[in-house]
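A quick write-up on the structure given underneath.
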Amino acid sequence: MSKNSLLKGVFLVGLGATSYGMLATFVKLAYDEGFTTAEVTSSQFILGILGVFIINIFQKYRTNQVVEKASTKNIVHLMLAGTSLGMTSVFYYLSVKYIDVSIAIVLLMQTVWMGVFLEWFIEKRKPSNQKIISVLLVLVGTILATNLINNQFTIDWRGILWGMLAAASFTTTMFTANKVALGISSAQRSLYMLLGGAIIVFGFGIFTQITPYDYSIFLKWGIFLALFGTIIPPLLMNAGFPITGIGLGSIVSALELPVSVLMAFLILNENVVFLQWIGIILIIIAIVIMNIKFSK
């Protein structure tokens, strides 16, 4: 593989991670304008599904190659897997409602150790010393990054709860997404997973939206949320990961964490102290350790 090709892959994955990192700030700004969680999530999924559907049509008629169509079994499995994607959005956005973005994104990064334990529980694969060290670094980094030492009584417990639930559901999404219907195109997989996620999002909206639905969310924030949360990142990462490989790609995708915190610091004026930056660096180091292969 040429150096230019590898740099291209790193750039694509990094740009996708950066897009994800911007997402929570847009959600917080939408909340400041009075929009509800149901309006935020539904607008993102509706426009996201529309965008991915258009991409599927474009791929079908643009390429000369025959695109393998998803079977009924594939569709059912992907939609079931996608329900955890919908739960991740709902839980994460609820978390952002109660706590700072800089803390919510750190909680979402608990997928690092949750993934290790899920792999151990389901596949009976005992974690290596390398992974155990990574998990310990994540836990220490989380204590610092959430500033629990100085603010243990001021962080809203609801935000912590929703943030941890978001991490758990996101871990499930990542685990299932790498095992379900791998033979069909990534655009088709994204579409059916989004449709599955939409069932959760719409169900949440029906039970929680007590005020009249404000359709202006689609033009004000829905487009940004769909682009940076549903359309652009999967496209860039699906193009970049085959070039970088899972290890390097996972390391580069950790850019989501500092970008999200930096956006919150610059745009939302959230207070991020020095200890929190140290914690963020520790979490990134843990991700690097987990995804590199040490030579004997």
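Numbering starts fresh at 1 for the residues of each chain in the structure tokens, the chains themselves are lettered A, B, ... in the order given, and ligands are numbered from 1 as they appear.
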
Q: From range 46-124 of chain A, collect each residue whose DSSP state is alpha helix (DSSP H) and return the set as a PyMOL selection string.
A: chain A and resi 46-62+72-98+101-108+111-123

Q: Using only C-alpha atoms, determine which residues lie at most 8 Å from range 142-149 of chain A, disregarding the query and same-chain residues fewer than 4 positions distant; provide the list as a PyMOL selection string.
A: chain A and resi 102-103+106-107+138+275-280+283

Q: Would you mind telling me which residue in A:Pro234, A:Gly34, A:Gly249, A:Gly16 lies nearest to Met193 in chain A when using only C-alpha atoms?
A: A:Pro234

Would you give me, as JSON lines, each residue of range 202-253 of chain A having an atom within 12 Å of an atom of range 70-85 of chain A, along with its shortest atom pair and that distance in Å to one decimal, using only C-alpha atoms and sorting by chain and residue number?
{"residue": "A:Phe202", "atom": "CA", "partner": "A:Thr83", "partner_atom": "CA", "distance": 11.2}
{"residue": "A:Gly203", "atom": "CA", "partner": "A:Thr83", "partner_atom": "CA", "distance": 11.0}
{"residue": "A:Phe204", "atom": "CA", "partner": "A:Thr83", "partner_atom": "CA", "distance": 11.8}
{"residue": "A:Gly229", "atom": "CA", "partner": "A:Leu85", "partner_atom": "CA", "distance": 11.4}
{"residue": "A:Thr230", "atom": "CA", "partner": "A:Leu85", "partner_atom": "CA", "distance": 10.5}

Q. Nearest to Asn271 in chain A among A:Gly9, A:Val101, A:Phe241, A:Tyr20, with distances taken over only C-alpha atoms: which residue is it?
A. A:Val101

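Note that the spacing between CA of Val259 in chain A and CA of Met87 in chain A amounts to 23.0 Å.
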
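When only C-alpha atoms are used to compute distances to Ala38 in chain A, the closest of the residues A:Ile132, A:Ile105, A:Leu161, A:Ile200 turns out to be A:Ile200.
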
Q. For the atom pair CA of Thr211 in chain A and CA of Val40 in chain A, what is the interatomic distance in Å to one decimal place?
A. 13.8 Å

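Shell of Arg125 in chain A at 12 Å, with only C-alpha atoms counted and residues fewer than 6 places along the chain excluded, is Gly115, Val116, Phe117, Leu118, Glu119 and Lys131 of chain A.
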
Can you spit out the residues from that selection as a tab-separated table (two decimals), in the first residue's frame, using all heavy atoms?
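The resulting file, out.tsv, is shown below:
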chain	number	residue	atom	x	y	z
A	115	GLY	N	-16.96	-2.94	25.33
A	115	GLY	CA	-16.73	-3.85	24.21
A	115	GLY	C	-15.88	-5.04	24.62
A	115	GLY	O	-16.11	-6.18	24.18
A	116	VAL	N	-14.86	-4.79	25.46
A	116	VAL	CA	-13.99	-5.86	25.94
A	116	VAL	C	-14.78	-6.88	26.76
A	116	VAL	O	-14.67	-8.09	26.58
A	116	VAL	CB	-12.84	-5.28	26.79
A	116	VAL	CG1	-12.04	-6.40	27.46
A	116	VAL	CG2	-11.92	-4.42	25.93
A	117	PHE	N	-15.63	-6.38	27.66
A	117	PHE	CA	-16.43	-7.27	28.50
A	117	PHE	C	-17.50	-8.01	27.69
A	117	PHE	O	-17.82	-9.17	27.97
A	117	PHE	CB	-17.06	-6.50	29.66
A	117	PHE	CG	-16.13	-6.27	30.80
A	117	PHE	CD1	-15.39	-5.10	30.88
A	117	PHE	CD2	-15.96	-7.23	31.79
A	117	PHE	CE1	-14.51	-4.88	31.93
A	117	PHE	CE2	-15.08	-7.02	32.85
A	117	PHE	CZ	-14.35	-5.85	32.91
A	118	LEU	N	-18.09	-7.34	26.69
A	118	LEU	CA	-19.09	-7.99	25.86
A	118	LEU	C	-18.47	-9.12	25.05
A	118	LEU	O	-19.05	-10.21	24.92
A	118	LEU	CB	-19.75	-6.96	24.92
A	118	LEU	CG	-20.92	-7.46	24.08
A	118	LEU	CD1	-22.09	-7.86	24.98
A	118	LEU	CD2	-21.38	-6.40	23.09
A	119	GLU	N	-17.29	-8.87	24.53
A	119	GLU	CA	-16.55	-9.89	23.78
A	119	GLU	C	-16.22	-11.08	24.69
A	119	GLU	O	-16.32	-12.23	24.29
A	119	GLU	CB	-15.27	-9.26	23.22
A	119	GLU	CG	-14.46	-10.18	22.33
A	119	GLU	CD	-13.21	-9.50	21.83
A	119	GLU	OE1	-12.32	-9.19	22.66
A	119	GLU	OE2	-13.10	-9.29	20.61
A	131	LYS	N	-5.41	-5.40	26.74
A	131	LYS	CA	-6.77	-4.86	26.85
A	131	LYS	C	-7.09	-4.47	28.30
A	131	LYS	O	-7.79	-3.49	28.54
A	131	LYS	CB	-7.78	-5.88	26.33
A	131	LYS	CG	-7.76	-6.02	24.82
A	131	LYS	CD	-8.87	-6.93	24.32
A	131	LYS	CE	-8.87	-6.99	22.80
A	131	LYS	NZ	-9.95	-7.86	22.28

Q: Identify which of the residues A:Trp120, A:Phe91, A:Trp221, A:Phe45 lies closest to Met164 in chain A, counting only C-alpha atoms when measuring atom-to-atom distances.
A: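 Nearest to Met164 in chain A: A:Phe91.
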